[in-house]
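What follows is the content of protein.txt, which has compact mmCIF, C-alpha atoms and all ligand atoms:
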# COMPACT_ATOMS: atom_id res chain seq x y z
CA MET A 17 -89.62 -4.41 -109.77
CA PRO A 18 -90.51 -5.78 -106.44
CA ASN A 19 -88.42 -8.80 -107.29
CA GLU A 20 -85.53 -6.61 -108.14
CA GLN A 21 -85.88 -4.80 -104.82
CA GLU A 22 -86.04 -8.09 -102.97
CA ASN A 23 -82.93 -9.25 -104.71
CA VAL A 24 -81.11 -6.11 -103.86
CA GLN A 25 -82.23 -6.44 -100.28
CA ASP A 26 -81.10 -10.06 -100.19
CA GLN A 27 -77.75 -9.07 -101.59
CA ILE A 28 -77.40 -6.43 -98.97
CA ASP A 29 -78.31 -8.85 -96.22
CA ASN A 30 -75.97 -11.43 -97.54
CA GLN A 31 -73.21 -8.86 -97.75
CA LYS A 32 -73.81 -7.87 -94.11
CA MET A 33 -73.89 -11.41 -93.00
CA SER A 34 -70.76 -12.09 -94.95
CA ASN A 35 -69.07 -9.09 -93.38
CA GLU A 36 -70.10 -10.18 -89.91
CA ILE A 37 -68.81 -13.64 -90.48
CA ASN A 38 -65.58 -12.27 -91.82
CA THR A 39 -65.28 -10.01 -88.87
CA ILE A 40 -65.85 -12.87 -86.43
CA VAL A 41 -63.44 -15.12 -88.30
CA ASN A 42 -60.83 -12.42 -88.47
CA GLN A 43 -61.21 -11.80 -84.74
CA GLU A 44 -60.74 -15.47 -83.95
CA ILE A 45 -57.73 -15.65 -86.26
CA GLY A 46 -56.27 -12.55 -84.60
CA LYS A 47 -56.64 -14.09 -81.19
CA GLU A 48 -54.85 -17.19 -82.33
CA LYS A 49 -52.08 -15.08 -83.90
CA GLU A 50 -51.83 -13.01 -80.75
CA THR A 51 -51.59 -16.12 -78.60
CA VAL A 52 -48.90 -17.58 -80.80
CA ILE A 53 -46.96 -14.30 -80.84
CA ASN A 54 -47.17 -13.88 -77.07
CA GLN A 55 -45.86 -17.40 -76.51
CA ASP A 56 -42.93 -16.76 -78.82
CA ALA A 57 -42.25 -13.30 -77.38
CA ILE A 58 -41.75 -14.43 -73.76
CA HIS A 59 -38.63 -12.63 -72.72
CA VAL A 60 -37.57 -11.91 -69.15
CA MET A 61 -35.38 -8.83 -68.75
CA PRO A 62 -32.66 -9.32 -66.09
CA GLN A 63 -33.61 -7.62 -62.87
CA LYS A 64 -30.59 -5.34 -62.91
CA PHE A 65 -31.78 -3.76 -66.19
CA LEU A 66 -35.23 -3.13 -64.88
CA PRO A 67 -35.86 0.40 -63.57
CA SER A 68 -36.06 0.41 -59.82
CA SER A 69 -39.39 0.98 -58.34
CA PRO A 70 -39.82 4.59 -57.41
CA LYS A 71 -39.55 5.27 -53.66
CA LYS A 72 -42.50 6.37 -51.83
CA GLN A 73 -42.50 10.05 -51.39
CA LEU A 74 -43.18 11.23 -47.83
CA SER A 75 -45.90 13.63 -47.33
CA ASN A 76 -45.18 16.95 -45.62
CA LYS A 77 -47.10 15.83 -42.54
CA GLN A 78 -44.99 12.70 -42.20
CA LYS A 79 -41.83 14.78 -42.62
CA ILE A 80 -42.85 17.09 -39.77
CA ILE A 81 -43.63 14.16 -37.44
CA LEU A 82 -40.31 12.41 -38.16
CA GLY A 83 -38.40 15.68 -37.70
CA SER A 84 -40.06 16.27 -34.34
CA ILE A 85 -39.20 12.77 -33.14
CA ALA A 86 -35.54 13.19 -34.19
CA PHE A 87 -35.36 16.55 -32.41
CA VAL A 88 -36.78 15.10 -29.17
CA VAL A 89 -34.30 12.19 -29.26
CA PHE A 90 -31.44 14.63 -29.82
CA LEU A 91 -32.60 16.75 -26.86
CA LEU A 92 -32.77 13.66 -24.62
CA ILE A 93 -29.20 12.66 -25.57
CA VAL A 94 -27.86 16.17 -24.90
CA VAL A 95 -29.62 16.48 -21.53
CA GLY A 96 -28.54 12.97 -20.50
CA SER A 97 -24.92 13.70 -21.37
CA MET A 98 -24.99 16.93 -19.37
CA LEU A 99 -26.44 15.18 -16.32
CA LEU A 100 -23.83 12.40 -16.54
CA PHE A 101 -20.98 14.89 -16.83
CA ALA A 102 -22.29 16.93 -13.90
CA ASN A 103 -22.58 13.79 -11.77
CA LEU A 104 -18.99 12.77 -12.58
CA SER A 105 -17.71 16.23 -11.70
CA VAL A 106 -19.47 16.13 -8.34
CA SER A 107 -18.01 12.68 -7.63
CA ASN A 108 -14.50 13.84 -8.48
CA ASN A 109 -14.84 16.91 -6.31
CA GLN A 110 -16.13 14.78 -3.45
CA ALA A 111 -13.19 12.36 -3.83
CA LYS A 112 -10.72 15.25 -3.85
CA THR A 113 -12.35 16.74 -0.79
CA ASP A 114 -12.17 13.41 1.02
CA GLN A 115 -8.49 13.04 0.09
CA ASN A 116 -7.77 16.57 1.28
CA ASN A 117 -9.51 15.85 4.55
CA VAL A 118 -7.42 12.72 5.03
CA ASN A 119 -4.25 14.64 4.19
CA ASN A 120 -5.20 17.42 6.56
CA GLN A 121 -5.83 14.91 9.31
CA VAL A 122 -2.44 13.34 8.70
CA ASN A 123 -0.72 16.71 8.55
CA ASN A 124 -2.48 17.92 11.65
CA GLN A 125 -1.42 14.84 13.54
CA ALA A 126 1.06 15.91 16.13
CA PRO A 127 4.67 14.73 15.72
CA GLY A 128 4.49 13.18 19.16
CA GLU A 129 1.43 11.24 18.13
CA GLN A 130 3.09 10.00 14.97
CA GLN A 131 6.08 8.97 16.97
CA LEU A 132 3.89 7.07 19.39
CA ILE A 133 2.25 5.23 16.52
CA ASP A 134 5.61 4.56 14.90
CA ASN A 135 6.93 3.21 18.14
CA SER A 136 3.93 0.99 18.61
CA GLN A 137 4.41 -0.38 15.12
CA ASN A 138 7.94 -1.22 15.93
CA ASN A 139 7.83 -4.81 16.97
CA SER A 140 9.17 -4.67 20.46
CA ASP A 141 11.75 -1.99 21.11
CA SER A 142 9.60 0.77 22.44
CA ASN A 143 7.59 -1.65 24.54
CA GLN A 144 10.73 -3.10 25.96
CA LEU A 145 12.13 0.33 26.62
CA ALA A 146 8.97 1.27 28.44
CA THR A 147 9.07 -1.99 30.37
CA SER A 148 12.69 -1.49 31.31
CA THR A 149 12.05 1.98 32.65
CA ALA A 150 9.01 0.79 34.54
CA THR A 151 11.28 -1.02 36.97
CA SER A 152 13.92 1.68 36.86
CA THR A 153 14.22 4.75 39.05
CA GLU A 154 15.37 6.82 36.08
CA PRO A 155 12.44 8.13 34.07
CA ILE A 156 12.80 8.63 30.34
CA ASP A 157 12.63 12.19 29.17
CA ASN A 158 9.40 12.30 27.24
CA THR A 159 9.34 16.04 26.66
CA ASN A 160 9.61 15.53 22.94
CA ASN A 161 6.52 13.39 23.02
CA GLN A 162 4.35 16.15 24.44
CA ASN A 163 1.82 17.61 22.08
CA ASN A 164 1.17 21.30 22.40
CA ASN A 165 -1.85 21.21 20.14
CA GLY A 166 -4.09 19.03 22.26
CA PRO A 167 -4.40 15.72 24.03
CA ILE A 168 -2.45 12.81 22.64
CA THR A 169 -4.44 9.91 21.30
CA PRO A 170 -3.35 6.77 23.12
CA PRO A 171 -1.31 4.48 20.90
CA PRO A 172 -3.01 1.36 19.60
CA PRO A 173 -2.19 -1.92 21.31
CA PRO A 174 1.06 -3.49 20.19
CA PRO A 175 0.75 -5.69 17.12
CA PRO A 176 1.09 -9.44 17.54
CA PRO A 177 4.48 -11.01 16.83
CA THR A 178 5.31 -11.33 13.17
CA SER A 179 5.30 -15.08 13.56
CA ASN A 180 4.43 -17.55 16.27
CA ASN A 181 8.05 -18.61 16.43
CA PHE A 182 9.41 -15.12 17.02
CA ASP A 183 8.46 -14.72 20.69
CA GLN A 184 5.84 -17.31 21.43
CA ASP A 185 5.84 -16.91 25.23
CA ARG A 186 5.57 -13.11 24.93
CA ASP A 187 8.39 -12.36 27.35
CA ASP A 188 10.15 -9.89 25.00
CA LEU A 189 12.92 -12.34 24.17
CA SER A 190 13.00 -13.79 20.67
CA ILE A 191 13.88 -17.45 20.17
CA GLU A 192 17.46 -16.38 19.38
CA GLU A 193 17.64 -14.40 22.61
CA GLU A 194 16.20 -17.25 24.68
CA LEU A 195 19.14 -19.31 23.37
CA ILE A 196 21.62 -16.55 24.31
CA PHE A 197 20.41 -16.30 27.90
CA GLY A 198 19.58 -20.00 28.38
CA THR A 199 15.92 -19.31 29.13
CA ASN A 200 12.84 -21.38 28.31
CA ASN A 201 11.22 -20.45 25.01
CA ASN A 202 7.85 -21.64 26.35
CA ASP A 203 8.03 -19.97 29.75
CA GLU A 204 7.83 -16.22 30.14
CA ASP A 205 9.42 -16.39 33.62
CA THR A 206 12.02 -19.13 33.58
CA ASP A 207 13.27 -18.64 37.16
CA ASN A 208 9.78 -18.02 38.55
CA ASP A 209 10.74 -14.85 40.39
CA GLY A 210 7.77 -12.88 39.10
CA TYR A 211 9.71 -10.99 36.40
CA LYS A 212 9.54 -11.91 32.73
CA ASP A 213 12.73 -13.14 31.11
CA GLY A 214 12.98 -10.11 28.81
CA VAL A 215 12.39 -7.63 31.63
CA GLU A 216 15.19 -9.17 33.63
CA VAL A 217 17.66 -9.09 30.73
CA VAL A 218 16.94 -5.47 29.81
CA ASN A 219 17.35 -4.43 33.46
CA LEU A 220 20.61 -6.38 33.79
CA TYR A 221 19.30 -9.24 35.92
CA ASN A 222 20.01 -12.91 35.31
CA PRO A 223 16.76 -14.47 34.07
CA LEU A 224 17.92 -17.91 35.26
CA LEU A 225 18.52 -17.03 38.92
CA SER A 226 16.35 -14.93 41.17
CA ASN A 227 17.87 -11.64 42.30
CA GLN A 228 21.25 -12.09 40.62
CA ALA A 229 22.95 -9.49 38.43
CA LEU A 230 23.33 -10.39 34.79
CA ILE A 231 27.07 -9.68 34.86
CA HIS A 232 27.51 -12.82 36.99
CA SER A 233 25.93 -15.03 34.34
CA SER A 234 28.35 -17.33 32.57
CA LEU A 235 26.54 -16.54 29.33
CA ILE A 236 27.58 -12.87 29.43
CA SER A 237 30.96 -11.17 29.04
CA GLN A 238 32.27 -7.63 29.35
CA PHE A 239 33.67 -5.72 26.43
CA SER A 240 35.92 -2.74 27.04
CA ASN A 241 37.37 -0.11 24.73
CA GLN A 242 40.58 1.34 26.13
CA THR A 243 40.83 4.14 23.56
CA VAL A 244 37.39 5.70 24.00
CA LYS A 245 37.28 4.28 27.51
CA TYR A 246 33.94 2.59 27.87
CA VAL A 247 32.74 -0.85 28.90
CA LEU A 248 29.52 -2.76 28.28
CA LEU A 249 28.04 -6.24 28.51
CA LYS A 250 27.53 -8.48 25.51
CA PRO A 251 26.48 -12.09 24.97
CA LYS A 252 29.53 -14.25 25.63
CA ASN A 253 29.43 -15.93 22.22
CA TRP A 254 29.16 -12.68 20.30
CA LEU A 255 32.22 -11.30 18.56
CA GLY A 256 33.21 -7.77 19.56
CA GLN A 257 36.09 -6.52 17.45
CA ALA A 258 37.64 -3.36 16.10
CA ILE A 259 37.10 -2.80 12.42
CA GLU A 260 40.43 -2.79 10.54
CA GLY A 261 42.35 -2.36 13.77
CA ASN A 262 40.71 0.98 14.52
CA ASP A 263 39.44 1.07 18.10
CA LEU A 264 37.06 3.89 17.20
CA GLU A 265 34.90 1.47 15.19
CA ILE A 266 33.67 -1.62 17.04
CA MET A 267 31.39 -4.23 15.53
CA PHE A 268 29.34 -6.73 17.58
CA THR A 269 28.33 -9.81 15.61
CA PRO A 270 25.83 -12.40 16.88
CA ASP A 271 26.74 -16.05 16.53
CA SER A 272 23.42 -16.77 14.83
CA GLY A 273 22.80 -16.33 11.13
CA THR A 274 20.12 -13.65 11.30
CA GLY A 275 22.30 -10.99 9.67
CA ASP A 276 21.68 -8.48 12.48
CA PHE A 277 24.67 -6.76 14.02
CA MET A 278 25.57 -3.73 16.14
CA SER A 279 28.31 -1.17 16.01
CA ILE A 280 29.74 1.62 18.10
CA SER A 281 31.60 4.28 16.19
CA ALA A 282 33.43 7.11 17.97
CA GLU A 283 34.69 10.45 16.74
CA GLN A 284 36.87 12.95 18.54
CA ALA A 285 34.65 15.71 19.87
CA THR A 286 35.45 19.27 18.86
CA ALA A 287 34.99 22.28 21.08
CA ASN A 288 32.81 24.18 18.66
CA GLN A 289 30.27 21.39 17.98
CA THR A 290 27.57 20.18 20.34
CA LEU A 291 26.55 16.54 20.59
CA GLN A 292 23.12 17.47 19.28
CA ALA A 293 24.58 19.11 16.16
CA TRP A 294 26.92 16.17 15.58
CA ALA A 295 24.13 13.65 16.10
CA GLN A 296 21.83 15.51 13.74
CA SER A 297 24.54 15.44 11.08
CA LYS A 298 24.74 11.65 11.45
CA ALA A 299 21.03 10.93 11.75
CA SER A 300 20.21 11.30 8.04
CA GLY A 301 17.38 13.68 8.79
CA ALA A 302 15.76 11.46 11.43
CA SER A 303 14.18 13.28 14.35
CA LEU A 304 15.96 12.78 17.64
CA SER A 305 14.67 12.60 21.17
CA ALA A 306 16.30 12.23 24.53
CA LEU A 307 17.46 8.91 25.91
CA THR A 308 19.32 7.81 29.00
CA LEU A 309 22.28 5.68 27.99
CA GLY A 310 24.11 3.54 30.49
CA LYS A 311 21.96 3.57 33.58
CA GLU A 312 24.81 2.02 35.52
CA ALA A 313 27.24 4.76 34.55
CA LYS A 314 24.85 7.65 35.21
CA ILE A 315 26.15 9.55 32.19
CA THR A 316 24.95 13.10 32.63
CA ALA A 317 25.68 14.54 29.19
CA LEU A 318 22.75 14.90 26.84
CA GLN A 319 22.07 11.76 24.85
CA SER A 320 19.61 11.19 22.09
CA LYS A 321 18.06 8.47 20.02
CA THR A 322 16.21 8.05 16.76
CA ALA A 323 12.50 7.31 16.85
CA ASP A 324 13.05 3.56 16.55
CA THR A 325 15.75 3.66 19.28
CA HIS A 326 18.06 1.75 16.96
CA THR A 327 20.60 4.56 16.88
CA VAL A 328 21.78 6.31 20.02
CA PHE A 329 24.15 9.27 20.25
CA ALA A 330 26.18 10.18 23.33
CA LYS A 331 29.22 12.10 24.40
CA VAL A 332 31.70 9.83 26.15
CA ASN A 333 34.81 11.47 27.60
CA ASN A 334 36.09 13.51 24.64
CA TYR A 335 34.32 11.45 22.02
CA PHE A 336 31.02 11.57 20.28
CA ILE A 337 29.74 8.02 19.86
CA LYS A 338 27.03 6.51 17.71
CA PHE A 339 25.65 3.15 18.84
CA THR A 340 23.57 1.47 16.14
CA TYR A 341 21.57 -1.74 15.85
CA TYR A 342 21.41 -2.80 12.20
CA ILE A 343 18.47 -5.05 11.43
CA GLU A 344 18.62 -7.51 8.58
CA THR A 345 16.27 -6.85 5.70
CA ASP A 346 13.47 -9.16 6.92
CA GLY A 347 12.58 -6.39 9.38
CA ASN A 348 12.49 -8.55 12.51
CA ALA A 349 14.52 -7.12 15.38
CA TYR A 350 15.77 -10.46 16.70
CA PHE A 351 18.01 -8.84 19.32
CA ALA A 352 15.98 -5.86 20.46
CA SER A 353 16.16 -6.78 24.16
CA THR A 354 19.86 -7.66 23.87
CA TYR A 355 20.51 -4.25 22.32
CA LEU A 356 18.70 -2.53 25.20
CA MET A 357 20.70 -4.65 27.65
CA MET A 358 23.94 -3.46 26.01
CA LEU A 359 22.79 0.19 26.06
CA ASN A 360 21.85 -0.03 29.72
CA SER A 361 25.11 -1.71 30.69
CA PHE A 362 27.19 0.93 28.92
CA SER A 363 29.47 2.69 31.40
CA LEU A 364 32.69 4.76 31.49
CA LEU A 365 36.08 3.32 32.28
CA LYS A 366 37.96 5.10 35.03
CA CA B 401 10.33 -15.38 24.31
CA CA B 402 11.15 -17.30 27.99
CA CA B 403 12.21 -14.21 35.93
Mind converting the file's structure to structure tokens?
Ligand SMILES: [Ca+2]
Ligand SMILES: [Ca+2]
Ligand SMILES: [Ca+2]
Amino acid sequence: MPNEQENVQDQIDNQKMSNEINTIVNQEIGKEKETVINQDAIHVMPQKFLPSSPKKQLSNKQKIILGSIAFVVFLLIVVGSMLLFANLSVSNNQAKTDQNNVNNQVNNQAPGEQQLIDNSQNNSDSNQLATSTATSTEPIDNTNNQNNNGPITPPPPPPPPTSNNFDQDRDDLSIEEELIFGTNNNDEDTDNDGYKDGVEVVNLYNPLLSNQALIHSSLISQFSNQTVKYVLLKPKNWLGQAIEGNDLEIMFTPDSGTGDFMSISAEQATANQTLQAWAQSKASGASLSALTLGKEAKITALQSKTADTHTVFAKVNNYFIKFTYYIETDGNAYFASTYLMMLNSFSLLK
């Protein structure tokens, strides 16, 4: 019996051992199979078919913080925009105020003051007119230059000549005029009598000879109109002719090529129209002020001129006349002193 039991026990042990061995062998075989299968089953799915990785979900705390930051940034943008807009509005208002102030200053400027400035900007006429009257016993009527609103600001000094060649010796005669009167372009007082060349010409004195009237100069001639009955001096080489045979329209043409010219047009005066009304109708809206025409003739009727003195109105016998200096488009009054000389020499024929 004991032998039988030992045999049974041996069989059992052998069976266990056999099972364990089988188990171990099977495990090893399985590993090998698994390894072989895994090597054969290598398969890479294209990335586009793979499910995307889930996004991180924000926590509620993070959401609150991000929302607060966005709100603060939005507030800053709004406040900044409002400040910028307000600043621009203030700047615009300030600019408008400044412009209004400038306009008010201009509008408040007295007409007489504006005229003084305009005259000073004119290259030489007003200065020459002032110079001519300085040596004359006949004062110019300056009543229109008076300012009732306060003191008049003195006009600025006259601007320099537009070019060095225009009037380089500053005697109020341009180069063209120095040629007309035979004076020295580099000497303000050619005959050394103490009076500038231009001053002598405007006041009807010969700038080449001391104390001689201009009418005796060989460079000057008289022009007379027998219809309207006036006479005046003109440069000898200038053409003075009736336009289309009509003695009422006279044109004076310089012999130089500057394009400047002068004209005297006359119109029969009517009993029911004053010179001032007629002149205003011809002045194209320009303001008129008083002027003494023809110092030699002592014309007593009211005469007037435009602000630049380049148009003068007068009543001569039974005619209204308009005496105009037309300046070529370059703006230089080449014959300003000659024009004043002609105005001052204007007189009535007996
Ligand atoms: Ca000169
Ligand atoms: Ca000179
Ligand atoms: Ca002189």
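When the distance limit is 12 Å and all atoms listed in the file are what count, the residues near A:Thr206, minus those fewer than 2 positions from it on the same chain, are Asp185, Asp187, Leu189, Glu194, Phe197, Gly198, Thr199, Asn200, Asn201, Asn202, Asp203, Glu204, Asn208, Asp209, Gly210, Tyr211, Lys212, Asp213, Gly214, Val215, Glu216, Val217, Asn222, Pro223, Leu224, Leu225 and Ser226 of chain A.
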Which residues of stretch 222-265 of chain A come within 12 Å of stretch 300-310 of chain A, and what is each one's closest atom pair and distance in Å (one decimal), counting only C-alpha atoms, sorted by chain and residue number, as JSON lines?
{"residue": "A:Tyr246", "atom": "CA", "partner": "A:Gly310", "partner_atom": "CA", "distance": 10.2}
{"residue": "A:Val247", "atom": "CA", "partner": "A:Gly310", "partner_atom": "CA", "distance": 9.8}
{"residue": "A:Leu248", "atom": "CA", "partner": "A:Gly310", "partner_atom": "CA", "distance": 8.6}
{"residue": "A:Leu249", "atom": "CA", "partner": "A:Gly310", "partner_atom": "CA", "distance": 10.7}
Item checked: Nearest-residue call for A:Tyr221, choices A:Asn23, A:Ser361, A:Asn35, A:Gln184, using all atoms listed in the file ->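 Counting all atoms listed in the file, the residue closest to A:Tyr221 is A:Ser361.
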Notebook entry, point to check: Suppose you want the space between atom CA of A:Phe362 and atom CA of A:Lys338; what is it in Å?
Noted result: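 If I compute the distance from atom CA of A:Phe362 to atom CA of A:Lys338, I get 12.5 Å.
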Notebook entry, point to check: In Å, with one decimal, what is the gap from atom CA of A:Ala349 to atom CA of A:Ser272?
Noted result: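 Between these atoms lies a distance of 13.1 Å.
One distance worth recording is that between atom CA of A:Asn333 and atom CA of A:Ile236, which is 25.5 Å.
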Next item on the list: Pick out the closest residue to A:Gln228 from this set: A:Asp207, A:His326, A:Pro171, A:Gln78. Count all atoms listed in the file.
Entry: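 Checking each of A:Asp207, A:His326, A:Pro171, A:Gln78 against A:Gln228, counting all atoms listed in the file, the winner is A:Asp207.
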Next item on the list: Scan for residues within 9 Å of the point (34.0, -2.2, 13.3) in the coordinates of the file, using all atoms listed in the file, and reply as a PyMOL selection string.
Entry: chain A and resi 256-268+279-281
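Comparing the minimum interatomic distances between ligand CA 402 (chain B) and each of A:Thr325, A:Ser353, A:Ser320, A:Ser190, counting only C-alpha atoms and all ligand atoms, we find that A:Ser190 sits nearest.
Among A:Leu99, A:Ala282, A:Leu230, A:Ala352, the residue with the shortest atom-to-atom distance to ligand CA 401 (chain B), counting only C-alpha atoms and all ligand atoms, is A:Ala352.
With all atoms listed in the file as the atoms that count, the residue of A:Ile231, A:Gln238, A:Lys79, A:Val94 with the shortest distance to A:Asn219 is A:Ile231.
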